[in-house]
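Peer 1: This one is entry.csv, CSV, C-alpha atoms.
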chain,number,residue,atom,x,y,z
G,1,GLY,CA,80.6,83.4,93.8
G,2,LEU,CA,78.2,86.0,95.2
G,3,ALA,CA,74.8,86.5,93.7
G,4,HIS,CA,73.7,89.8,92.1
G,5,VAL,CA,77.1,90.7,90.7
G,6,ASP,CA,76.9,92.5,87.4
G,7,VAL,CA,79.5,94.5,85.4
G,8,SER,CA,78.3,97.1,83.0
G,9,ILE,CA,80.0,97.8,79.7
G,10,LYS,CA,81.0,101.2,78.3
G,11,ASP,CA,83.1,102.1,75.3
G,12,ASN,CA,86.1,103.9,76.8
G,13,THR,CA,89.7,103.5,75.6
G,14,GLN,CA,91.4,105.0,78.6
G,15,GLY,CA,93.5,102.6,80.7
G,16,ASN,CA,95.6,103.1,83.8
G,17,ASN,CA,98.9,101.3,84.6
G,18,ALA,CA,99.5,103.1,87.9
G,19,TYR,CA,100.3,101.0,90.9
G,20,ARG,CA,97.3,99.5,92.7
G,21,LYS,CA,97.0,97.8,96.0
G,22,GLY,CA,94.9,95.0,94.5
G,23,VAL,CA,97.4,92.2,93.8
G,24,VAL,CA,96.0,89.3,91.8
G,25,ALA,CA,98.0,86.0,91.3
G,26,VAL,CA,97.7,84.7,87.7
G,27,LEU,CA,99.1,81.6,86.0
G,28,GLY,CA,99.4,81.1,82.3
G,29,ILE,CA,101.5,80.7,79.1
G,30,THR,CA,104.0,83.4,78.4
G,31,GLU,CA,106.8,83.8,75.8
G,32,ARG,CA,109.5,83.6,78.4
G,33,GLY,CA,110.0,83.7,82.2
G,34,THR,CA,111.0,81.1,84.8
G,35,PRO,CA,108.2,78.7,85.9
G,36,ARG,CA,107.5,78.4,89.6
G,37,THR,CA,109.0,81.9,90.2
G,38,PRO,CA,106.2,84.5,90.4
G,39,THR,CA,107.0,88.1,89.7
G,40,LEU,CA,105.1,91.2,90.7
G,41,VAL,CA,104.1,93.2,87.6
G,42,ARG,CA,102.4,96.7,87.7
G,43,SER,CA,102.3,97.6,84.0
G,44,TRP,CA,102.3,96.1,80.5
G,45,THR,CA,105.9,97.5,80.0
G,46,GLU,CA,107.0,95.5,83.1
G,47,PHE,CA,105.2,92.4,81.8
G,48,GLN,CA,107.0,92.6,78.5
G,49,ARG,CA,110.3,93.0,80.3
G,50,PHE,CA,109.9,89.9,82.4
G,51,TYR,CA,107.6,87.6,80.3
G,52,GLY,CA,107.7,88.9,76.7
G,53,GLY,CA,104.9,90.1,74.6
G,54,TYR,CA,101.9,88.4,72.9
G,55,SER,CA,102.1,84.6,72.5
G,56,ASN,CA,101.3,82.4,69.5
G,57,TRP,CA,100.3,79.7,72.0
G,58,SER,CA,98.0,81.6,74.3
G,59,LEU,CA,95.9,84.7,74.8
G,60,PHE,CA,97.1,84.9,78.4
G,61,PRO,CA,99.4,87.9,77.8
G,62,LEU,CA,96.6,89.8,76.3
G,63,TYR,CA,94.4,89.1,79.3
G,64,CYS,CA,97.2,90.3,81.5
G,65,LYS,CA,97.4,93.5,79.5
G,66,ARG,CA,93.7,94.2,79.9
G,67,ALA,CA,93.9,93.5,83.7
G,68,LEU,CA,96.9,95.8,84.1
G,69,ASP,CA,95.4,98.6,82.0
G,70,ALA,CA,92.2,98.3,84.1
G,71,GLY,CA,94.1,98.9,87.3
G,72,ALA,CA,95.3,95.5,88.6
G,73,THR,CA,98.8,94.6,89.9
G,74,LEU,CA,99.6,91.1,88.9
G,75,LEU,CA,101.7,88.4,90.5
G,76,VAL,CA,102.6,86.4,87.4
G,77,SER,CA,103.8,82.8,87.2
G,78,ARG,CA,104.7,81.2,83.9
G,79,ALA,CA,102.8,78.0,83.3
G,80,ALA,CA,104.5,74.9,81.9
G,81,HIS,CA,103.6,71.4,80.9
G,82,TYR,CA,105.1,68.4,82.7
G,83,THR,CA,104.7,64.9,81.6
G,84,ASP,CA,104.8,64.0,85.3
G,85,ILE,CA,103.5,66.9,87.4
G,86,THR,CA,105.5,65.6,90.4
G,87,ASP,CA,108.8,65.7,88.5
G,88,THR,CA,110.0,69.1,87.3
G,89,SER,CA,112.6,67.5,85.1
G,90,THR,CA,109.8,66.3,82.8
G,91,LEU,CA,109.0,69.8,81.6
G,92,GLU,CA,108.2,69.8,77.9
G,93,GLY,CA,110.6,72.5,76.7
G,94,THR,CA,114.3,73.2,76.4
G,95,ALA,CA,116.4,76.3,76.8
G,96,ALA,CA,118.3,77.6,73.8
G,97,ILE,CA,122.1,77.1,73.9
G,98,SER,CA,125.2,78.6,72.5
G,99,THR,CA,128.2,76.3,72.4
G,100,TYR,CA,131.4,77.4,70.7
G,101,THR,CA,134.8,75.6,70.8
G,102,TYR,CA,138.1,77.0,69.6
G,103,PRO,CA,141.6,75.5,69.6
G,104,THR,CA,142.5,76.9,73.0
G,105,TRP,CA,139.2,77.8,74.6
G,106,GLY,CA,135.5,77.2,74.5
G,107,VAL,CA,132.2,78.3,76.2
G,108,HIS,CA,128.8,77.0,76.8
G,109,LEU,CA,126.0,79.5,77.3
G,110,GLU,CA,122.3,78.9,77.9
G,111,ALA,CA,119.1,81.0,77.8
G,112,ALA,CA,117.7,81.9,81.2
G,113,ASP,CA,114.6,79.7,80.7
G,114,PHE,CA,113.0,77.4,78.1
G,115,GLY,CA,111.3,78.3,74.9
G,116,LEU,CA,111.6,79.5,71.3
G,117,TRP,CA,112.4,83.0,72.5
G,118,GLY,CA,116.0,82.0,73.3
G,119,ASN,CA,116.7,81.3,69.6
G,120,LYS,CA,116.6,85.1,69.2
G,121,LEU,CA,119.6,85.6,71.5
G,122,SER,CA,123.2,86.2,70.5
G,123,VAL,CA,126.3,87.2,72.5
G,124,ASP,CA,129.5,89.1,71.9
G,125,ILE,CA,132.6,88.5,74.1
G,126,LEU,CA,134.5,91.8,74.1
G,127,ALA,CA,137.7,93.2,75.4
G,128,ALA,CA,136.9,94.8,78.8
G,129,SER,CA,135.9,98.4,78.3
G,130,SER,CA,137.5,99.2,81.7
G,131,GLY,CA,140.9,98.2,80.2
G,132,VAL,CA,141.5,95.8,83.0
G,133,MET,CA,143.8,93.0,81.8
G,134,GLY,CA,142.4,89.5,82.3
G,135,ASN,CA,138.8,90.7,82.1
G,136,VAL,CA,136.2,90.7,79.3
G,137,ASP,CA,132.7,92.2,78.8
G,138,ILE,CA,129.8,90.0,77.7
G,139,ALA,CA,127.2,91.8,75.5
G,140,VAL,CA,123.8,90.1,75.2
G,141,TYR,CA,121.5,90.9,72.3
G,142,TYR,CA,117.8,90.0,71.9
G,143,GLU,CA,116.6,90.2,68.3
G,144,GLY,CA,113.5,92.3,67.8
G,145,ASN,CA,113.7,94.1,71.2
G,146,SER,CA,116.8,96.2,71.6
G,147,GLU,CA,115.5,97.6,74.9
G,148,LEU,CA,116.5,94.2,76.4
G,149,ASN,CA,120.1,94.3,75.2
G,150,TYR,CA,122.7,94.8,77.9
G,151,ILE,CA,126.4,94.3,78.8
G,152,VAL,CA,127.8,92.6,81.8
G,153,LYS,CA,131.2,94.2,82.4
G,154,ASP,CA,134.5,92.9,83.8
G,155,ILE,CA,134.1,89.2,83.8
G,156,SER,CA,137.3,87.3,84.5
G,157,VAL,CA,138.7,85.4,81.5
G,158,ASN,CA,139.0,82.4,83.8
G,159,PRO,CA,136.1,82.9,86.2
G,160,THR,CA,135.8,80.9,89.4
G,161,THR,CA,132.6,79.2,90.4
G,162,ASP,CA,131.6,82.2,92.5
G,163,GLU,CA,132.3,84.6,89.6
G,164,ILE,CA,130.2,82.5,87.3
G,165,ASN,CA,127.4,82.6,89.9
G,166,ASN,CA,127.8,86.3,90.1
G,167,PHE,CA,127.6,86.7,86.4
G,168,ASN,CA,124.5,84.6,86.2
G,169,GLN,CA,122.8,86.7,88.9
G,170,ARG,CA,123.7,89.9,86.9
G,171,SER,CA,122.7,88.5,83.5
G,172,ARG,CA,118.9,88.5,83.0
G,173,LEU,CA,118.6,86.5,79.7
G,174,VAL,CA,121.8,84.4,79.5
G,175,LYS,CA,123.6,82.0,81.8
G,176,LEU,CA,127.2,80.9,81.7
G,177,ILE,CA,127.2,77.1,82.2
G,178,SER,CA,130.8,76.1,81.5
G,179,PHE,CA,134.0,77.0,79.7
G,180,TYR,CA,137.6,75.8,79.2
G,181,GLY,CA,140.8,77.7,78.7
G,182,ASN,CA,140.6,81.5,78.9
G,183,LEU,CA,137.7,83.4,77.5
G,184,GLU,CA,138.7,85.5,74.5
G,185,PRO,CA,136.9,88.2,72.3
G,186,ALA,CA,134.5,86.6,69.9
G,187,VAL,CA,131.4,88.0,68.2
G,188,GLY,CA,128.1,86.6,66.9
G,189,LEU,CA,127.7,83.6,69.3
G,190,GLN,CA,124.2,82.6,68.2
G,191,PHE,CA,121.7,80.6,70.3
G,192,ASN,CA,119.7,77.6,69.0
G,193,PHE,CA,117.6,74.6,69.9
G,194,GLY,CA,115.2,76.4,72.2
G,195,MET,CA,111.8,74.6,72.3
G,196,GLU,CA,108.4,74.8,74.0
G,197,LEU,CA,105.4,72.5,73.8
G,198,TYR,CA,102.0,73.3,75.3
G,199,THR,CA,99.7,71.1,73.2
G,200,ASN,CA,99.4,68.6,76.0
G,201,MET,CA,98.8,71.1,78.8
G,202,SER,CA,95.9,70.2,81.0
G,203,GLN,CA,94.2,71.1,84.3
G,204,GLU,CA,96.8,69.1,86.1
G,205,ASP,CA,99.4,71.7,85.1
G,206,PHE,CA,97.3,74.3,86.9
G,207,LYS,CA,96.5,72.2,89.9
G,208,GLY,CA,100.3,71.4,90.2
G,209,ASP,CA,102.2,69.7,93.0
G,210,ALA,CA,102.9,71.2,96.4
G,211,SER,CA,106.2,69.5,96.9
G,212,ASN,CA,107.6,71.0,93.6
G,213,GLY,CA,105.9,74.3,93.6
G,214,THR,CA,104.2,73.7,90.3
G,215,GLY,CA,100.8,75.1,89.2
G,216,PHE,CA,98.9,77.0,91.9
G,217,HIS,CA,101.6,76.0,94.4
G,218,ALA,CA,104.0,78.5,92.8
G,219,PHE,CA,102.2,81.0,95.0
G,220,ASP,CA,102.3,79.0,98.2
G,221,ASP,CA,105.1,81.1,99.8
G,222,ASN,CA,103.7,84.5,98.7
G,223,SER,CA,101.4,86.5,100.8
G,224,GLU,CA,101.0,89.6,98.6
G,225,HIS,CA,97.8,88.4,96.9
G,226,VAL,CA,94.3,87.7,98.0
G,227,ARG,CA,92.9,86.6,94.6
G,228,LEU,CA,94.0,83.9,92.2
G,229,ALA,CA,92.6,84.2,88.7
G,230,ILE,CA,92.6,81.7,85.9
G,231,PHE,CA,92.3,83.7,82.8
G,232,GLU,CA,92.6,80.9,80.3
G,233,PRO,CA,91.8,77.4,81.6
G,234,LYS,CA,93.3,74.3,79.9
G,235,GLY,CA,92.1,70.7,79.8
G,236,TYR,CA,88.8,70.0,81.5
G,237,PRO,CA,87.7,73.4,83.0
G,238,GLU,CA,85.1,71.7,85.3
G,239,VAL,CA,87.8,69.7,86.9
G,240,LEU,CA,90.0,72.8,87.2
G,241,LEU,CA,87.1,74.6,88.9
G,242,ALA,CA,86.9,71.8,91.6
G,243,ASP,CA,90.7,72.0,92.0
G,244,LEU,CA,90.7,75.8,92.3
G,245,THR,CA,87.9,75.7,94.9
G,246,ALA,CA,89.9,73.2,97.0
G,247,TYR,CA,93.1,75.3,96.8
G,248,CYS,CA,91.4,78.6,97.7
G,249,GLU,CA,89.6,77.0,100.6
G,250,ALA,CA,92.9,75.7,101.9
G,251,ARG,CA,94.8,78.9,101.4
G,252,ASN,CA,92.0,81.3,102.5
G,253,ILE,CA,92.1,83.4,99.2
G,254,MET,CA,89.6,84.2,96.5
G,255,GLY,CA,89.5,82.2,93.3
G,256,VAL,CA,88.3,83.8,90.1
G,257,MET,CA,87.5,81.7,87.0
G,258,PRO,CA,85.6,82.2,83.7
G,259,THR,CA,82.6,80.1,82.7
G,260,PRO,CA,83.0,78.5,79.3
G,261,MET,CA,83.0,80.9,76.4
G,262,PHE,CA,80.7,81.1,73.3
G,263,THR,CA,77.8,79.6,75.2
G,264,THR,CA,74.5,80.5,76.9
G,265,GLY,CA,73.9,81.5,80.5
G,266,TYR,CA,72.1,78.2,81.1
G,267,ASN,CA,75.3,76.4,80.1
G,268,ALA,CA,77.2,78.5,82.6
G,269,ILE,CA,74.7,77.3,85.3
G,270,ASP,CA,75.5,73.7,84.3
G,271,PHE,CA,79.2,74.5,84.6
G,272,ARG,CA,78.8,75.8,88.2
G,273,ASN,CA,76.5,72.9,89.2
G,274,PHE,CA,78.6,70.2,87.6
G,275,THR,CA,75.6,69.0,85.6
G,276,GLY,CA,74.9,68.2,82.0
G,277,VAL,CA,78.1,68.0,80.0
G,278,TYR,CA,80.1,69.2,83.0
G,279,ASN,CA,79.0,66.3,85.3
G,280,ILE,CA,82.0,65.1,87.3
G,281,GLY,CA,80.1,63.5,90.1
G,282,MET,CA,80.6,66.3,92.6
G,283,PRO,CA,78.1,68.7,94.2
G,284,ALA,CA,77.8,72.3,92.8
G,285,VAL,CA,80.3,74.8,93.9
G,286,SER,CA,79.0,76.5,97.0
G,287,SER,CA,82.2,78.2,98.3
G,288,TRP,CA,82.0,81.9,98.7
G,289,LYS,CA,85.7,82.0,98.1
G,290,VAL,CA,85.3,81.2,94.3
G,291,ARG,CA,83.9,83.7,91.8
G,292,LEU,CA,82.6,82.6,88.5
G,293,LEU,CA,82.2,85.1,85.7
G,294,TYR,CA,80.0,85.1,82.6
G,295,GLY,CA,80.4,87.3,79.5
G,296,ASP,CA,82.4,87.4,76.3
G,297,LEU,CA,83.7,90.7,74.9
G,298,GLN,CA,84.5,91.7,71.4
G,299,ILE,CA,87.6,93.8,71.1
G,300,LEU,CA,90.2,94.8,68.6
G,301,HIS,CA,93.5,93.0,69.1
G,302,PRO,CA,96.1,95.7,70.0
G,303,GLN,CA,98.7,94.1,67.8
G,304,THR,CA,96.7,93.1,64.7
G,305,ASN,CA,93.8,95.6,65.0
G,306,ARG,CA,91.5,92.7,64.1
G,307,PRO,CA,88.3,91.7,66.0
G,308,ILE,CA,88.8,89.1,68.6
G,309,VAL,CA,86.7,87.7,71.4
G,310,LEU,CA,87.9,87.5,75.0
G,311,HIS,CA,86.2,86.6,78.2
G,312,CYS,CA,85.5,89.5,80.6
G,313,ILE,CA,87.5,88.0,83.5
G,314,ALA,CA,90.6,90.3,83.1
G,315,ASP,CA,88.5,93.4,83.0
G,316,TRP,CA,86.6,92.2,86.1
G,317,VAL,CA,89.9,91.5,87.9
G,318,GLY,CA,91.1,95.1,87.0
G,319,ALA,CA,87.8,96.6,88.2
G,320,MET,CA,88.0,94.7,91.6
G,321,ALA,CA,91.7,95.5,92.1
G,322,LYS,CA,90.9,99.2,91.5
G,323,LYS,CA,88.2,99.1,94.2
G,324,ASP,CA,90.5,97.3,96.6
G,325,SER,CA,92.5,100.5,97.1
G,326,THR,CA,89.5,102.3,98.4
G,327,SER,CA,87.0,99.7,99.6
G,328,GLY,CA,89.3,97.0,101.1
G,329,VAL,CA,89.8,93.7,99.4
G,330,TRP,CA,87.0,91.7,101.0
G,331,PHE,CA,84.5,94.5,100.5
G,332,SER,CA,85.3,95.5,96.9
G,333,GLU,CA,82.5,93.3,95.5
G,334,SER,CA,79.7,95.0,97.4
G,335,GLY,CA,76.9,96.5,95.3
G,336,THR,CA,75.1,95.3,92.2
G,337,VAL,CA,77.3,97.2,89.7
G,338,ARG,CA,81.0,96.7,90.3
G,339,GLY,CA,82.5,98.8,87.5
G,340,LYS,CA,82.8,99.6,83.8
G,341,VAL,CA,84.7,97.7,81.2
G,342,SER,CA,86.8,99.9,78.8
G,343,ASN,CA,88.1,99.4,75.3
G,344,THR,CA,85.4,97.0,74.1
G,345,HIS,CA,82.8,96.8,71.3
G,346,GLY,CA,80.3,95.1,73.5
G,347,VAL,CA,79.2,91.7,74.8
G,348,ILE,CA,78.7,88.8,72.4
G,349,TYR,CA,75.7,87.2,74.2
G,350,ASN,CA,74.2,89.9,76.3
G,351,LEU,CA,72.2,88.9,79.3
G,352,GLY,CA,71.3,92.5,79.8
G,353,THR,CA,68.7,92.0,77.1
G,354,ARG,CA,67.8,88.5,78.2
G,355,GLN,CA,66.3,89.3,81.6
G,356,SER,CA,64.8,85.9,82.5
G,357,GLU,CA,68.0,84.0,81.6
G,358,GLY,CA,70.1,86.7,83.3
G,359,ASN,CA,68.1,86.4,86.5
G,360,GLU,CA,68.7,82.7,86.6
G,361,VAL,CA,72.4,83.1,86.1
G,362,ASP,CA,72.5,85.8,88.7
G,363,ALA,CA,70.5,83.6,91.2
G,364,ALA,CA,73.1,80.8,90.6
G,365,GLY,CA,75.8,83.0,92.0
G,366,ILE,CA,77.5,83.7,88.7
G,367,ASN,CA,78.8,87.2,88.1
G,368,ILE,CA,77.6,88.7,84.9
G,369,CYS,CA,79.2,91.1,82.4
G,370,LYS,CA,76.5,92.8,80.4
G,371,THR,CA,75.5,96.0,78.7
G,372,SER,CA,73.3,98.3,80.6
G,373,SER,CA,70.9,101.1,79.4
G,374,SER,CA,72.3,103.1,82.3
G,375,PHE,CA,75.9,102.8,81.4
G,376,GLY,CA,76.1,101.9,77.7
Since I need it in another form, could you write the structure as structure tokens?
Peer 2:
Amino acid sequence: GLAHVDVSIKDNTQGNNAYRKGVVAVLGITERGTPRTPTLVRSWTEFQRFYGGYSNWSLFPLYCKRALDAGATLLVSRAAHYTDITDTSTLEGTAAISTYTYPTWGVHLEAADFGLWGNKLSVDILAASSGVMGNVDIAVYYEGNSELNYIVKDISVNPTTDEINNFNQRSRLVKLISFYGNLEPAVGLQFNFGMELYTNMSQEDFKGDASNGTGFHAFDDNSEHVRLAIFEPKGYPEVLLADLTAYCEARNIMGVMPTPMFTTGYNAIDFRNFTGVYNIGMPAVSSWKVRLLYGDLQILHPQTNRPIVLHCIADWVGAMAKKDSTSGVWFSESGTVRGKVSNTHGVIYNLGTRQSEGNEVDAAGINICKTSSSFG
């Protein structure tokens, strides 16, 4: 990262979801979404449509909301854990299913991707509203979010393989896997057995495998972004930092990563230098293509209205993306004060009042988020 990079803090609840030119690739745990298939997201509303809301497993969705509110456009990829990172069939999670058999017909439906979210789905097979004989409509319902409900109309009661593929392309949440006989009207087809497991997620799931497009490599074929940000590292963050540096050097993009939370600036320097508890037998990060950020923010969780601590990385990403539209991506970080962070109650360990320590962190090339007497 570059030296002399500070972000000042100001209480200001205004956000902006408007489209920005600054596209940042992000990888993390979401409620739903297809792994290895990045999607461009310009607002929190769009994020919820594609990836669900807040997660019990992760703060990643909240980080995304803050980055989006601050002005970023995100290229989001859902993270997953694989027991063998080179084999996508070892994903620790299953898609919810709905299997119903009747005397003369039966159907097997599956949620579009893995996870507990699919257990909230149900389907009605209805007589075609068009009145076309030999067709049915399939209505999909998502408990707790009626905005995601939809109907796919005029499906043949005995669909061909091409017609099944067409339905699956038109249906966002549910896929038709197989059937026998002729589909008939039936209501209340519930989905069950959706599962997800992230307890074993590690830095390897972020590093990924190029041949399978897992981890970072989900973005290999996408040229819309110039930054790759890791909002919420898993496993050994120092190993992930080394992996991120190597990937960004190879891809000629900027990597952005937080230093460990709830610690001092001196510990952040150890993290950058791979010394102390972060010693992995490698030289300190010296690549100008990787930005390390320091600073924990206290905010109120928008869902529970309770205090919570987040790293400043999402707010920094939003500030840089906002500048990209006027300064040019590779010049957005010029200057000693990059931008203001909104909707916060301040920095937990403020290097703005610890000048000597802050100077050492700054000299180590770690970007600092701090309060400032000039900005609040």
Peer 1: Please report the interatomic distance between CA of Ile366 (chain G) and CA of Leu75 (chain G) in Å with one decimal.
Peer 2: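 It comes out at 24.7 Å.
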Peer 1: In Å to one decimal, how far is CA of Pro283 (chain G) from CA of Pro258 (chain G)?
Peer 2: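 Here the two named atoms are 18.7 Å from each other.
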Peer 1: So what do you get for CA of Glu196 (chain G) versus CA of Leu116 (chain G), distance-wise?
Peer 2: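 CA of Leu116 (chain G) lies 6.3 Å from CA of Glu196 (chain G).
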Peer 1: Hey, can you pull every residue with an atom no more than 10 Å from (86.9, 89.7, 70.9), using all atoms listed in the file, and send it as number ranges by chain?
Peer 2: G: 296-301, 306-312, 344-348
Peer 1: Point out the residue among G:Thr37, G:Ser178, G:Thr73, G:Ser58 with the least atom-to-atom distance to Glu232 (chain G), counting all atoms listed in the file.
Peer 2: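 That would be G:Ser58, the residue with the smallest distance to Glu232 (chain G).
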Peer 1: Do a neighbour search on Ala96 (chain G) at 7 Å with all atoms listed in the file, toss out local chain neighbours closer than 2 positions, and write the hits as a PyMOL selection string.
Peer 2: chain G and resi 94+110-111+114+118-119+191-194
Peer 1: Within 7 Å of Ala186 (chain G), counting all atoms listed in the file, which residues show up once you throw out same-chain ones fewer than 5 positions away? Write them as number ranges by chain, please.
Peer 2: G: 124-126
Peer 1: Excluding same-chain residues fewer than 4 positions from Asn273 (chain G), what lies within 8 Å of it counting only C-alpha atoms, as an mmCIF file with C-alpha atoms, keeping the file's coordinate frame?
Peer 2:
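So the final result, stored in around_0.cif, reads:
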data_model
loop_
_atom_site.group_PDB
_atom_site.id
_atom_site.type_symbol
_atom_site.label_atom_id
_atom_site.label_comp_id
_atom_site.auth_asym_id
_atom_site.auth_seq_id
_atom_site.Cartn_x
_atom_site.Cartn_y
_atom_site.Cartn_z
ATOM 1 C CA ILE G 269 74.700 77.300 85.300
ATOM 2 C CA PRO G 283 78.100 68.700 94.200
ATOM 3 C CA ALA G 284 77.800 72.300 92.800
ATOM 4 C CA VAL G 285 80.300 74.800 93.900
#
Peer 1: For Asp205 (chain G), which of G:Ile280, G:Ala80, G:Cys369, G:Met133 is the closest residue, counting all atoms listed in the file?
Peer 2: G:Ala80
Peer 1: Which residues are near region 21-32 of chain G? Cut-off 7 Å, all atoms listed in the file, ignore same chain within fewer than 3 positions. Put them as a CSV table (one decimal) with C-alpha atoms, in the frame of the given file.
Peer 2:
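Below is the file that was written, part_31.csv:
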chain,number,residue,atom,x,y,z
G,51,TYR,CA,107.6,87.6,80.3
G,52,GLY,CA,107.7,88.9,76.7
G,53,GLY,CA,104.9,90.1,74.6
G,55,SER,CA,102.1,84.6,72.5
G,58,SER,CA,98.0,81.6,74.3
G,60,PHE,CA,97.1,84.9,78.4
G,61,PRO,CA,99.4,87.9,77.8
G,72,ALA,CA,95.3,95.5,88.6
G,73,THR,CA,98.8,94.6,89.9
G,74,LEU,CA,99.6,91.1,88.9
G,75,LEU,CA,101.7,88.4,90.5
G,76,VAL,CA,102.6,86.4,87.4
G,77,SER,CA,103.8,82.8,87.2
G,78,ARG,CA,104.7,81.2,83.9
G,79,ALA,CA,102.8,78.0,83.3
G,113,ASP,CA,114.6,79.7,80.7
G,115,GLY,CA,111.3,78.3,74.9
G,117,TRP,CA,112.4,83.0,72.5
G,224,GLU,CA,101.0,89.6,98.6
G,225,HIS,CA,97.8,88.4,96.9
G,226,VAL,CA,94.3,87.7,98.0
G,227,ARG,CA,92.9,86.6,94.6
G,228,LEU,CA,94.0,83.9,92.2
G,229,ALA,CA,92.6,84.2,88.7
G,230,ILE,CA,92.6,81.7,85.9
G,321,ALA,CA,91.7,95.5,92.1
G,322,LYS,CA,90.9,99.2,91.5
G,324,ASP,CA,90.5,97.3,96.6
G,325,SER,CA,92.5,100.5,97.1
